[in-house]
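S.K.: Here it is, the structure, as structure tokens.
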Amino acid sequence: MKFGTAIGIVISIVGIAIGATMEGTNVMVVLNIPAISIVLIGTLGATIAACGLEAHIRLPAIYKKAILPDDLDLPGRVKELVGFAEQARRDGLLALDEAVGSISDPFTRKGIQLVVDGTDPDLVAAVLDAENEAMRKRHAAARNPFMQAGALAPTMGIIGTVFGLVNVMNNLNQPSTLGPLIAAAFLATLMGVGSANIVFLPMANRLKELSEAELHFREMTLEGVLAIQAGDNPRVVEEKLMAYVSPKDRPTEADKGSSAPAEKQAA
Amino acid sequence: MKFGTAIGIVISIVGIAIGATMEGTNVMVVLNIPAISIVLIGTLGATIAACGLEAHIRLPAIYKKAILPDDLDLPGRVKELVGFAEQARRDGLLALDEAVGSISDPFTRKGIQLVVDGTDPDLVAAVLDAENEAMRKRHAAARNPFMQAGALAPTMGIIGTVFGLVNVMNNLNQPSTLGPLIAAAFLATLMGVGSANIVFLPMANRLKELSEAELHFREMTLEGVLAIQAGDNPRVVEEKLMAYVSPKDRPTEADKGSSAPAEKQAA
Amino acid sequence: MKFGTAIGIVISIVGIAIGATMEGTNVMVVLNIPAISIVLIGTLGATIAACGLEAHIRLPAIYKKAILPDDLDLPGRVKELVGFAEQARRDGLLALDEAVGSISDPFTRKGIQLVVDGTDPDLVAAVLDAENEAMRKRHAAARNPFMQAGALAPTMGIIGTVFGLVNVMNNLNQPSTLGPLIAAAFLATLMGVGSANIVFLPMANRLKELSEAELHFREMTLEGVLAIQAGDNPRVVEEKLMAYVSPKDRPTEADKGSSAPAEKQAA
Amino acid sequence: MKFGTAIGIVISIVGIAIGATMEGTNVMVVLNIPAISIVLIGTLGATIAACGLEAHIRLPAIYKKAILPDDLDLPGRVKELVGFAEQARRDGLLALDEAVGSISDPFTRKGIQLVVDGTDPDLVAAVLDAENEAMRKRHAAARNPFMQAGALAPTMGIIGTVFGLVNVMNNLNQPSTLGPLIAAAFLATLMGVGSANIVFLPMANRLKELSEAELHFREMTLEGVLAIQAGDNPRVVEEKLMAYVSPKDRPTEADKGSSAPAEKQAA
Amino acid sequence: MKFGTAIGIVISIVGIAIGATMEGTNVMVVLNIPAISIVLIGTLGATIAACGLEAHIRLPAIYKKAILPDDLDLPGRVKELVGFAEQARRDGLLALDEAVGSISDPFTRKGIQLVVDGTDPDLVAAVLDAENEAMRKRHAAARNPFMQAGALAPTMGIIGTVFGLVNVMNNLNQPSTLGPLIAAAFLATLMGVGSANIVFLPMANRLKELSEAELHFREMTLEGVLAIQAGDNPRVVEEKLMAYVSPKDRPTEADKGSSAPAEKQAA
């Protein structure tokens, strides 16, 4: 399921290629060097101007993240946090100190560490909120080149096509060459509209959704950390955190069988 | 009244088909395999890239929901909540415990259950708010493929048409074939603009309105649950909740005849 | 002044008709049945799909409201509320009980009734706010068909024109019929762009402005009701409410001559 | 500097006229009565339908305001308010009573009057905020005809051009007249795009910036009035209000020479 | 890395020029005086009308800032602020008085000065917030000419092209001149779309990102100043401020080696 972006781009290209071939066009014509130079290099330059060089050096990592996103296991995180809540209620907050080292997620670890250190709850919330807000800004900056490219590539395609038509118009006296020249001019439009709609805009949206999912995941974690610090009843903590989980992913009563006694003990 | 979306799509297609036939066009030409492949498969692939595979596996259920939405009976819910408010004032909050099992709506049941459990009012509001916010995000994610498709399909149509025109331009020396080739090229534009404006965009808007109506319904329920917990006068609870109901759906004094005495008793 | 919408639509149509006639076009050609069927029925179907049937059954009432809006007399409402403030300060809040029946505006009546009933101020504000928020949502839903139609009609026009051009392209071998066929194809574009820009979009904006004016009116009323309940000095109430009135509609000192003594008495 | 809008419109028209003349076009052709009737009267009617008649009766005053905006002297206002703060600290708030009459700006006067009257600080803030919010809404309504016209005029131009092309298509059998007819049809597009981009949209943006500048000015004044009422140290008042002034407009230490001793006295 | 904007614009122009040359067009044709006059002078006039003259006098400085942005050293600022926090905890807030003069950043200096002066924490936050909000508004006003130009230049290009086509249509009887005339008409479109997409829109986005980065930098500084005033533990201050720093720019434990003992002392 995680490969959606790669699969989708392939489906889209195959669907268009099949249709175009049935129309009688040789789809390989789109691999036209002038069109690629105008649209892809022109767009790359404009996005560098718009977003800076640093954002582009990170692009390969961003592409990889969109195509192979991290797995966000909400029910697992709920279970982990409820476990800490039970332990804290049973043995006190300081008992979490030894658990901190074994937490793999840095955000959860930072939150629990702050709690163990006896930091003021408002300050714990402020520090973790600042982490999330900074991540949200970093993500927005990271996907901005894709959004810019999605808006710029079609107009770069128009620039390429108009350049081609200017050439056509200056050769009106050689009618036999007009058809192929106009066809070539159109290839820049194809490259511009195609790259924007098959790659840049879907990638930008995908990155936005992944960012929102990660923020949602972290907001749940933040709620959980604060509830642990407040010493809330683990059953209430679970109720609260489960609200963040899609109903279809919530464990049924049967699934929870094993943890229920522990909850009762803790309460 | 609930079938609006299906009826609307049929009216739109019939209106366009009649007009096009009167213009002299055989409307069946739009069922053109290359155009369908380029526009519909191309768009599907791009929306999968943009929104992930999971969102597309749920699509049949989403289509069904848009065409056959749940009925949101606001006055009925007000009456149910006012009934609980009366019972709680008469017999105490714990008296609602036996009623919980008979509540059909899971959100109302969760709210009343939290109240019966003696959960802190702020926590009740926080848990139910988190449920609503999570639902709002899920709904937004569920309709996003339609919004993406509404934006992408017309440009996929342009891709199909430009491919066709590239083909035309390379065949300028056979003028007799030009007309049908250009006509075929235009079919992709028709498919792209038509599918976006008759199906994808109206569906996206419909799903947005249904989501907002459900959130409005739940916000009213949340207000009611908190008012019950606060032990508000049932008449005031009704006044407050009725503000969420459209004036034309509010029961007239005559309709309320039977419940009025109960209210007076309770007050 | 209230007939602005009807007058504006007439001016727009007359201006366009005069210009088109001077260009040499017979403007009656726009009353083209295929174009009307494709654009107006096609758009109607799509807006039904987007907004549901109920919203369309209310459309005649909405059109009437846009063309003949209610009169919002802000200075009159200020005077009415200041009068209540004076009476309440002189004779107590309960003295307003007999005035309630004579208040013609249901929102003001509901507010004063709640005050007379001794409802908690926060609850008065919450109930009236919920009324306003629900009205805002109802208004937004009511004008949405116009916004959708404004966005959809031009593209329906393009669908009609492309259908016409497909027909043209399949008849390239009868050159003498091409001109009239292309002309007919363009009529759908005219109908789509014209209906959107002369009727749908201006109506949508007009309804938005009327809704905002009504909300502004109600917010002022809400402020006044809360100030009456708080027992504020009537002169301060007037000062506060007059801030909601456009400076040019504020009564001059001379206009206020008669009410000034009453104010002094009350203070 | 204040004449920016008029100067900008003249520069834009001159630049276009020079370019078009060099291309070989007689720019006077744009003064085409049918195009003007369709675009300008058509747009005027649609904006009347969208925004009401009243908003259009005020248009000459709005044009004048955009072309000759009021001068907003932020450092001068800071100095005036700091002077009041010093006087209030030295002689008490009531000492401002005699100064009230000499304040030229109605908003400042209203604020200081409320303070002198001993109005509650929260109420002073509420009344002045309501004034600002009402002004913001009035400004938004006043510039809306320009925003609407900016969006509608280009499409009115398209309507004019399509009407012209319909005429052209019905005269295909008289080829010698086609060129001038098509040229005439394009004039409506020129009038629509030109009026929107040279007049309507820049005017709408200019009015928005002027409105924001005036709100910024008033927010600073509001802060100052509240600080005077709170009896803040005049030096702190100045520090706070100077934050609203652009650094390059802030007086240097040298400029402040004369007022510094007064500050020290007051402190 | 700082030269991203200049490098990007060059890459974009080179990519387009190479592609256009390969298509057979002489790219120097875009340096067409009529097109430049219509598009660049027409756009400049319209942005002056939209944004005022003052905003344009500052343009050279703005261009320079986009191409050579200030360096924002977040970890360095964190270190500086943590240093002040240590000093304040060790020697008291007044001990910072002598450090104030040596602070190079005016915003940090103003904040620390207010703290040293014993200003109320809420007032410190209010003054610094007002500074930031005023800077945000100034930045938005400064980049608005670029956003306006990005929207207006393509339509100015259309105006130029339509003027050219009007000229073409009036010369249909001299077919041999048509090609070059149409080609010349297209140059205005190229100039309009090109200048908007390669210069104006990327510049507007770049300025927006730089503004957001500076605000982020200042928000961190504001947090730090308030934490110093509150006497927070320097280690907690560092933890809080580091949340604003991108993880990859955070110093590793090794980097912090030297400052750690100082922290322990201070705590």
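Chains: A, B, ... in order of the structure tokens. Residues: from 1 per chain. Ligands: from 1, in order shown.
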I need the residues in segment 84-223 of chain A that are alpha helix (DSSP H) according to DSSP; give them as a ChimeraX atom specification.

M.R.: /A:84-91,97-100,106-116,121-169,178-194,201-223

S.K.: Give me, as a compact mmCIF listing (two decimals) with all heavy atoms, in the first residue's frame, the residues of chain A touching chain B, with the criterion being at most 6 Å (counting only C-alpha atoms).

M.R.:
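Final output, iface.txt:
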# COMPACT_ATOMS: atom_id res chain seq x y z
N MET A 1 0.83 -1.20 0.00
CA MET A 1 0.00 0.00 0.00
C MET A 1 0.86 1.25 0.00
O MET A 1 0.47 2.30 -0.45
CB MET A 1 -0.86 0.03 1.27
CG MET A 1 -1.86 -1.09 1.35
SD MET A 1 -2.92 -1.15 -0.11
CE MET A 1 -4.51 -1.35 0.68
N GLY A 4 1.98 3.65 -3.26
CA GLY A 4 0.93 4.30 -4.04
C GLY A 4 1.45 5.31 -5.05
O GLY A 4 1.00 5.32 -6.20
N THR A 5 2.40 6.15 -4.64
CA THR A 5 2.83 7.23 -5.53
C THR A 5 3.50 6.67 -6.78
O THR A 5 3.18 7.07 -7.90
CB THR A 5 3.77 8.17 -4.77
OG1 THR A 5 3.04 8.70 -3.67
CG2 THR A 5 4.25 9.30 -5.65
N GLY A 8 0.89 4.89 -8.90
CA GLY A 8 -0.02 5.83 -9.55
C GLY A 8 0.62 6.50 -10.75
O GLY A 8 -0.01 6.63 -11.81
N ILE A 9 1.89 6.91 -10.61
CA ILE A 9 2.56 7.56 -11.74
C ILE A 9 2.67 6.60 -12.91
O ILE A 9 2.43 6.96 -14.06
CB ILE A 9 3.94 8.10 -11.29
CG1 ILE A 9 3.74 9.27 -10.32
CG2 ILE A 9 4.78 8.53 -12.49
CD1 ILE A 9 5.01 9.83 -9.71
N ILE A 11 0.68 3.96 -13.55
CA ILE A 11 -0.66 3.77 -14.14
C ILE A 11 -1.00 4.93 -15.06
O ILE A 11 -1.49 4.75 -16.19
CB ILE A 11 -1.73 3.66 -13.02
CG1 ILE A 11 -1.57 2.34 -12.26
CG2 ILE A 11 -3.13 3.77 -13.61
CD1 ILE A 11 -2.52 2.22 -11.08
N SER A 12 -0.75 6.17 -14.59
CA SER A 12 -1.10 7.34 -15.36
C SER A 12 -0.36 7.37 -16.70
O SER A 12 -0.95 7.59 -17.76
CB SER A 12 -0.79 8.59 -14.54
OG SER A 12 -1.30 9.74 -15.15
N GLY A 15 -1.69 4.58 -18.99
CA GLY A 15 -3.01 4.90 -19.54
C GLY A 15 -2.91 5.90 -20.67
O GLY A 15 -3.56 5.74 -21.73
N ILE A 16 -2.09 6.93 -20.48
CA ILE A 16 -1.95 7.95 -21.51
C ILE A 16 -1.24 7.38 -22.73
O ILE A 16 -1.64 7.63 -23.88
CB ILE A 16 -1.18 9.17 -20.95
CG1 ILE A 16 -2.04 9.87 -19.90
CG2 ILE A 16 -0.80 10.13 -22.06
CD1 ILE A 16 -1.31 10.92 -19.10
N GLY A 19 -3.63 5.19 -24.75
CA GLY A 19 -4.60 6.00 -25.47
C GLY A 19 -3.96 6.71 -26.65
O GLY A 19 -4.53 6.74 -27.76
N MET A 22 -3.26 4.35 -29.47
CA MET A 22 -4.49 4.00 -30.21
C MET A 22 -4.93 5.14 -31.12
O MET A 22 -5.52 4.90 -32.18
CB MET A 22 -5.60 3.69 -29.21
CG MET A 22 -5.36 2.37 -28.47
SD MET A 22 -6.54 2.16 -27.10
CE MET A 22 -8.03 1.83 -28.06
N THR A 25 -0.56 8.06 -32.50
CA THR A 25 0.66 8.83 -32.25
C THR A 25 1.75 7.92 -31.71
O THR A 25 1.47 7.04 -30.90
CB THR A 25 0.39 9.93 -31.21
OG1 THR A 25 -0.82 10.59 -31.56
CG2 THR A 25 1.53 10.91 -31.14
N GLY A 179 3.69 21.35 -40.86
CA GLY A 179 3.08 20.34 -40.00
C GLY A 179 4.04 19.83 -38.95
O GLY A 179 3.80 19.95 -37.75
N PRO A 180 5.18 19.27 -39.36
CA PRO A 180 6.13 18.76 -38.36
C PRO A 180 6.61 19.85 -37.40
O PRO A 180 6.81 19.57 -36.21
CB PRO A 180 7.29 18.23 -39.22
CG PRO A 180 6.64 17.88 -40.53
CD PRO A 180 5.54 18.89 -40.73
N ALA A 183 3.86 20.37 -34.92
CA ALA A 183 3.82 19.20 -34.04
C ALA A 183 4.94 19.28 -33.00
O ALA A 183 4.72 19.03 -31.81
CB ALA A 183 3.96 17.92 -34.88
N LEU A 190 2.93 19.45 -24.19
CA LEU A 190 2.72 18.10 -23.63
C LEU A 190 3.64 17.85 -22.45
O LEU A 190 3.22 17.34 -21.40
CB LEU A 190 2.99 17.05 -24.70
CG LEU A 190 1.83 16.61 -25.57
CD1 LEU A 190 2.30 15.50 -26.49
CD2 LEU A 190 0.66 16.15 -24.73
N ILE A 198 1.21 14.74 -13.86
CA ILE A 198 1.49 13.33 -13.52
C ILE A 198 2.51 13.23 -12.40
O ILE A 198 2.49 12.30 -11.61
CB ILE A 198 1.96 12.56 -14.78
CG1 ILE A 198 0.88 12.64 -15.86
CG2 ILE A 198 2.26 11.10 -14.46
CD1 ILE A 198 1.31 12.11 -17.20
N PRO A 202 0.76 15.79 -8.20
CA PRO A 202 0.47 14.66 -7.31
C PRO A 202 1.51 14.50 -6.19
O PRO A 202 1.15 14.22 -5.04
CB PRO A 202 0.47 13.45 -8.26
CG PRO A 202 0.09 14.02 -9.58
CD PRO A 202 0.73 15.38 -9.61
N MET A 203 2.79 14.69 -6.51
CA MET A 203 3.83 14.59 -5.48
C MET A 203 3.60 15.64 -4.39
O MET A 203 3.72 15.36 -3.20
CB MET A 203 5.21 14.82 -6.10
CG MET A 203 5.74 13.69 -6.94
SD MET A 203 6.33 12.29 -5.93
CE MET A 203 7.78 13.04 -5.19
N ASN A 205 0.84 17.06 -3.49
CA ASN A 205 -0.31 16.70 -2.65
C ASN A 205 0.02 15.53 -1.73
O ASN A 205 -0.36 15.51 -0.56
CB ASN A 205 -1.51 16.34 -3.53
CG ASN A 205 -2.75 16.15 -2.71
OD1 ASN A 205 -3.29 17.10 -2.17
ND2 ASN A 205 -3.18 14.88 -2.54
N ARG A 206 0.74 14.55 -2.28
CA ARG A 206 1.12 13.38 -1.48
C ARG A 206 1.98 13.80 -0.30
O ARG A 206 1.74 13.36 0.84
CB ARG A 206 1.89 12.40 -2.38
CG ARG A 206 2.29 11.11 -1.70
CD ARG A 206 1.11 10.29 -1.31
NE ARG A 206 1.47 8.96 -0.87
CZ ARG A 206 0.70 8.21 -0.10
NH1 ARG A 206 -0.46 8.67 0.31
NH2 ARG A 206 1.07 7.00 0.26
N LYS A 240 -9.06 8.61 25.08
CA LYS A 240 -8.72 9.90 24.46
C LYS A 240 -7.87 9.70 23.20
O LYS A 240 -8.14 10.29 22.16
CB LYS A 240 -7.93 10.72 25.49
CG LYS A 240 -7.86 12.18 25.22
CD LYS A 240 -7.22 12.86 26.43
CE LYS A 240 -7.14 14.34 26.29
NZ LYS A 240 -6.52 14.92 27.51
N ALA A 243 -9.49 8.32 20.00
CA ALA A 243 -10.24 9.26 19.17
C ALA A 243 -9.44 9.70 17.95
O ALA A 243 -10.00 10.10 16.93
CB ALA A 243 -10.66 10.48 20.00
N TYR A 244 -8.10 9.62 18.06
CA TYR A 244 -7.25 10.01 16.92
C TYR A 244 -7.13 8.89 15.88
O TYR A 244 -6.64 9.12 14.80
CB TYR A 244 -5.84 10.36 17.41
CG TYR A 244 -5.73 11.68 18.13
CD1 TYR A 244 -6.03 11.79 19.47
CD2 TYR A 244 -5.35 12.82 17.44
CE1 TYR A 244 -5.94 13.01 20.12
CE2 TYR A 244 -5.25 14.04 18.08
CZ TYR A 244 -5.55 14.13 19.42
OH TYR A 244 -5.46 15.34 20.05

S.K.: Applying 12 Å and only C-alpha atoms, which residues near Leu94 of chain D remain after dropping the ones on its own chain fewer than 4 positions away? List them as a PyMOL selection string.

M.R.: chain D and resi 84-85+87-90+98-100+112-118+228-229

S.K.: May I ask for the distance between atom CA of Leu74 of chain C and atom CA of Leu96 of chain C, given in Å to one decimal place?

M.R.: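 Atom CA of Leu74 of chain C sits 20.9 Å away from atom CA of Leu96 of chain C.
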
S.K.: Would you mind reading off the distance between atom CA of Arg235 of chain D and atom CA of Arg77 of chain E, one decimal, in Å?

M.R.: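 Separation between atom CA of Arg235 of chain D and atom CA of Arg77 of chain E: 28.4 Å.
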
S.K.: Applying 7 Å and only C-alpha atoms, which residues near Leu68 of chain C remain after dropping the ones on its own chain fewer than 2 positions away? List them as a VMD selection string.

M.R.: chain C and resid 2 to 3 64 to 66 70
